[in-house]
Amino acid sequence: MVVVSAGQFIMGSESGNENEKPTHNVTLEEFIISETEITLAQWRACMADNACTHNPENDDLTLNNQAVMRVNMNDVNEYLNWINSKTSKKYRLPSEAEWEYAARAGTTTAYSWGDDIGINNVYCNECTINDDNFMMNKVKNFPANGFGLYDMHGNVWEWTADCWHSNYLG
């Protein structure tokens with residue numbers, strides 16, 4: 001887990017999708033977020049305790065350092081309940097604002113490394129050129145962002161605690 005310091009940033013994008021508009025100022029308190037997506041090794045521990053019922057191996061995952069995928073909110077809640085009982089903490093999904101702040105890592109660009117997706121910055125279609133191109137969901141395969149977080153762009157979709165809205169108005 002990584003502690004992300006309190007801060008302020010401009011959330012959204014005027015040049016992005018309609019649901020990213022309008023940009024607006026957001027102030028956040030310090031929060032904690034996982035350094036990587038939840039891995040198969042972490043999920044297997046939850047399954048071994050009979051707390052998680054989704055079996056990622058059915059998703060063709062075999063490596064302990066692969067990100068768990070194809071989970072629904074019930075699966076996520078099972079994992080959160082389990083990890084909270086194991087650690088006596090109160091972990092939760094980040095808000096959308098917390099996630100975007102963590103992903104940007106103090107930058108104002110589209111990605112923490114700049115405005116272009118580039119090559120070998122992230123796992124995504126047509127932007128990865130390496131020997132592991134067929135392994136589309138290993139964690140920590142690319143450098144961490146400025147907050148020490150991995151795979152905040154690409155790889156697998158991440159859940160947030162917020163409800164869907166078509167824009168930021170209201």
# chains A, B, ... in the order shown; residues from 1 in each chain; ligands from 1
$ residues_around --residues "Lys138 in chain A" --least-positions-apart "3" --cutoff "12 Å" --atoms "only C-alpha atoms" --output "ChimeraX atom specification"
/A:36-41,61-69,122-123,132-135,141-142,150-151,154-156
$ residues_around --residues "Glu98 in chain A" --least-positions-apart "2" --cutoff "9 Å" --atoms "only C-alpha atoms" --output "PyMOL selection string"
chain A and resi 28+31+33+94-96+100-103+160
$ atom_distance --atom1 "CA of Ala48 in chain A" --atom2 "CA of Leu149 in chain A"
26.9 Å
$ residues_around --residues "Glu30 in chain A" --least-positions-apart "6" --cutoff "10 Å" --atoms "only C-alpha atoms" --output "list in words"
Val3, Val4, Ser5, Ala6, Gly7 and Glu98 of chain A
$ write_last_selection --atoms "N, CA, C and O atoms" --output "mmCIF file, in the first residue's frame"
data_model
loop_
_atom_site.group_PDB
_atom_site.id
_atom_site.type_symbol
_atom_site.label_atom_id
_atom_site.label_comp_id
_atom_site.auth_asym_id
_atom_site.auth_seq_id
_atom_site.Cartn_x
_atom_site.Cartn_y
_atom_site.Cartn_z
ATOM 1 N N VAL A 3 0.959 5.483 0.611
ATOM 2 C CA VAL A 3 0.285 6.671 1.142
ATOM 3 C C VAL A 3 0.422 7.777 0.104
ATOM 4 O O VAL A 3 1.531 8.114 -0.324
ATOM 5 N N VAL A 4 -0.706 8.341 -0.304
ATOM 6 C CA VAL A 4 -0.727 9.461 -1.245
ATOM 7 C C VAL A 4 -1.053 10.705 -0.429
ATOM 8 O O VAL A 4 -2.088 10.772 0.246
ATOM 9 N N SER A 5 -0.155 11.674 -0.489
ATOM 10 C CA SER A 5 -0.312 12.899 0.300
ATOM 11 C C SER A 5 -1.527 13.701 -0.147
ATOM 12 O O SER A 5 -1.928 13.647 -1.310
ATOM 13 N N ALA A 6 -2.067 14.458 0.784
ATOM 14 C CA ALA A 6 -3.170 15.362 0.472
ATOM 15 C C ALA A 6 -2.727 16.317 -0.625
ATOM 16 O O ALA A 6 -1.535 16.613 -0.771
ATOM 17 N N GLY A 7 -3.684 16.785 -1.398
ATOM 18 C CA GLY A 7 -3.336 17.715 -2.460
ATOM 19 C C GLY A 7 -4.547 18.226 -3.201
ATOM 20 O O GLY A 7 -5.687 17.916 -2.865
ATOM 21 N N GLU A 98 -9.879 10.377 -6.233
ATOM 22 C CA GLU A 98 -8.647 9.819 -5.667
ATOM 23 C C GLU A 98 -7.882 9.030 -6.721
ATOM 24 O O GLU A 98 -6.657 9.141 -6.829
#
$ select_by_dssp --residues "chain A" --states "strand (DSSP E)" --output "CSV table (one decimal) with N, CA, C and O atoms, in the first residue's frame"
chain,number,residue,atom,x,y,z
A,2,VAL,N,0.4,2.3,-0.7
A,2,VAL,CA,1.2,3.5,-0.8
A,2,VAL,C,0.3,4.7,-0.2
A,2,VAL,O,-0.9,4.8,-0.5
A,3,VAL,N,1.0,5.5,0.6
A,3,VAL,CA,0.3,6.7,1.1
A,3,VAL,C,0.4,7.8,0.1
A,3,VAL,O,1.5,8.1,-0.3
A,4,VAL,N,-0.7,8.3,-0.3
A,4,VAL,CA,-0.7,9.5,-1.2
A,4,VAL,C,-1.1,10.7,-0.4
A,4,VAL,O,-2.1,10.8,0.2
A,7,GLY,N,-3.7,16.8,-1.4
A,7,GLY,CA,-3.3,17.7,-2.5
A,7,GLY,C,-4.5,18.2,-3.2
A,7,GLY,O,-5.7,17.9,-2.9
A,8,GLN,N,-4.3,19.0,-4.2
A,8,GLN,CA,-5.3,19.6,-5.0
A,8,GLN,C,-4.9,19.4,-6.5
A,8,GLN,O,-3.7,19.4,-6.8
A,9,PHE,N,-5.9,19.3,-7.4
A,9,PHE,CA,-5.6,19.1,-8.8
A,9,PHE,C,-6.8,19.5,-9.6
A,9,PHE,O,-8.0,19.6,-9.0
A,10,ILE,N,-6.6,19.7,-10.9
A,10,ILE,CA,-7.7,19.9,-11.8
A,10,ILE,C,-8.2,18.6,-12.4
A,10,ILE,O,-7.4,17.9,-13.1
A,11,MET,N,-9.4,18.2,-12.1
A,11,MET,CA,-9.9,16.9,-12.5
A,11,MET,C,-10.7,17.0,-13.8
A,11,MET,O,-11.3,18.0,-14.0
A,24,HIS,N,-12.6,20.7,-13.2
A,24,HIS,CA,-12.9,21.3,-12.0
A,24,HIS,C,-11.8,21.1,-10.9
A,24,HIS,O,-11.1,20.1,-11.0
A,25,ASN,N,-11.7,22.0,-10.0
A,25,ASN,CA,-10.7,21.9,-8.9
A,25,ASN,C,-11.2,20.9,-7.9
A,25,ASN,O,-12.3,20.9,-7.4
A,26,VAL,N,-10.3,20.0,-7.4
A,26,VAL,CA,-10.6,19.0,-6.4
A,26,VAL,C,-9.5,19.0,-5.4
A,26,VAL,O,-8.3,19.1,-5.7
A,27,THR,N,-9.9,19.0,-4.1
A,27,THR,CA,-9.0,19.0,-3.0
A,27,THR,C,-9.2,17.6,-2.3
A,27,THR,O,-10.3,17.3,-2.0
A,28,LEU,N,-8.1,16.9,-2.0
A,28,LEU,CA,-8.2,15.6,-1.4
A,28,LEU,C,-7.4,15.5,-0.1
A,28,LEU,O,-6.3,16.1,0.0
A,31,PHE,N,-4.7,9.7,1.5
A,31,PHE,CA,-5.4,8.4,1.4
A,31,PHE,C,-4.3,7.3,1.0
A,31,PHE,O,-3.2,7.6,0.7
A,32,ILE,N,-4.7,6.1,1.2
A,32,ILE,CA,-3.8,4.9,0.9
A,32,ILE,C,-4.4,4.2,-0.3
A,32,ILE,O,-5.6,4.0,-0.3
A,33,ILE,N,-3.6,3.7,-1.2
A,33,ILE,CA,-4.0,3.0,-2.4
A,33,ILE,C,-3.0,1.9,-2.6
A,33,ILE,O,-1.8,2.0,-2.3
$ closest_residue --among "A:Met1, A:Asn19, A:Lys140, A:Thr109" --to "Trp164 in chain A" --atoms "only C-alpha atoms"
A:Asn19
$ select_by_dssp --residues "chain A" --states "helix (DSSP H, G or I)" --output "VMD selection string"
chain A and resid 18 to 20 40 to 48 56 to 59 73 to 87 96 to 104
$ closest_residue --among "A:Pro22, A:Gly146, A:Gly16, A:Pro56" --to "Gly170 in chain A" --atoms "only C-alpha atoms"
A:Pro22
$ closest_residue --among "A:Val71, A:Leu93, A:Leu80, A:Ala105" --to "Ala144 in chain A" --atoms "only C-alpha atoms"
A:Ala105
$ residues_around --residues "Arg70 in chain A" --least-positions-apart "5" --cutoff "10 Å" --atoms "only C-alpha atoms" --output "list of chain:residue names"
A:His54, A:Asn55, A:Pro56, A:Asn58, A:Asp59, A:Asp75, A:Val156, A:Trp157
$ write_last_selection --atoms "N, CA, C and O atoms" --output "tab-separated table (two decimals), in the first residue's frame"
chain	number	residue	atom	x	y	z
A	54	HIS	N	-14.76	-15.88	-6.81
A	54	HIS	CA	-14.36	-15.78	-8.22
A	54	HIS	C	-13.00	-16.45	-8.39
A	54	HIS	O	-12.07	-16.18	-7.64
A	55	ASN	N	-12.88	-17.33	-9.38
A	55	ASN	CA	-11.62	-18.03	-9.63
A	55	ASN	C	-10.93	-17.43	-10.84
A	55	ASN	O	-11.31	-17.70	-11.98
A	56	PRO	N	-9.88	-16.60	-10.64
A	56	PRO	CA	-9.17	-15.96	-11.75
A	56	PRO	C	-8.49	-16.95	-12.68
A	56	PRO	O	-8.20	-16.61	-13.82
A	58	ASN	N	-9.84	-19.26	-14.08
A	58	ASN	CA	-10.79	-19.45	-15.17
A	58	ASN	C	-10.64	-18.37	-16.24
A	58	ASN	O	-11.20	-18.48	-17.32
A	59	ASP	N	-9.90	-17.31	-15.92
A	59	ASP	CA	-9.61	-16.23	-16.86
A	59	ASP	C	-8.25	-16.44	-17.54
A	59	ASP	O	-7.66	-15.50	-18.06
A	75	ASP	N	-17.46	-9.50	-6.24
A	75	ASP	CA	-16.11	-10.07	-6.07
A	75	ASP	C	-15.21	-9.09	-5.33
A	75	ASP	O	-14.47	-9.47	-4.42
A	156	VAL	N	-5.49	-3.55	-16.86
A	156	VAL	CA	-6.90	-3.93	-16.66
A	156	VAL	C	-7.67	-2.73	-16.13
A	156	VAL	O	-7.10	-1.80	-15.58
A	157	TRP	N	-8.98	-2.74	-16.33
A	157	TRP	CA	-9.84	-1.67	-15.80
A	157	TRP	C	-9.85	-1.76	-14.29
A	157	TRP	O	-9.85	-2.84	-13.72
$ closest_residue --among "A:Asn50, A:Ser34, A:Ser13, A:Asn121" --to "Asn81 in chain A" --atoms "only C-alpha atoms"
A:Asn50
$ atom_distance --atom1 "CA of Asn77 in chain A" --atom2 "CA of His153 in chain A"
22.6 Å
$ closest_residue --among "A:Ala97, A:Val139, A:Cys46, A:Ala51" --to "Ala161 in chain A" --atoms "only C-alpha atoms"
A:Ala97
$ closest_residue --among "A:Glu29, A:Asp49, A:Glu14, A:Asp162" --to "Arg92 in chain A" --atoms "only C-alpha atoms"
A:Asp162
$ atom_distance --atom1 "CA of Asn137 in chain A" --atom2 "CA of Val76 in chain A"
17.8 Å
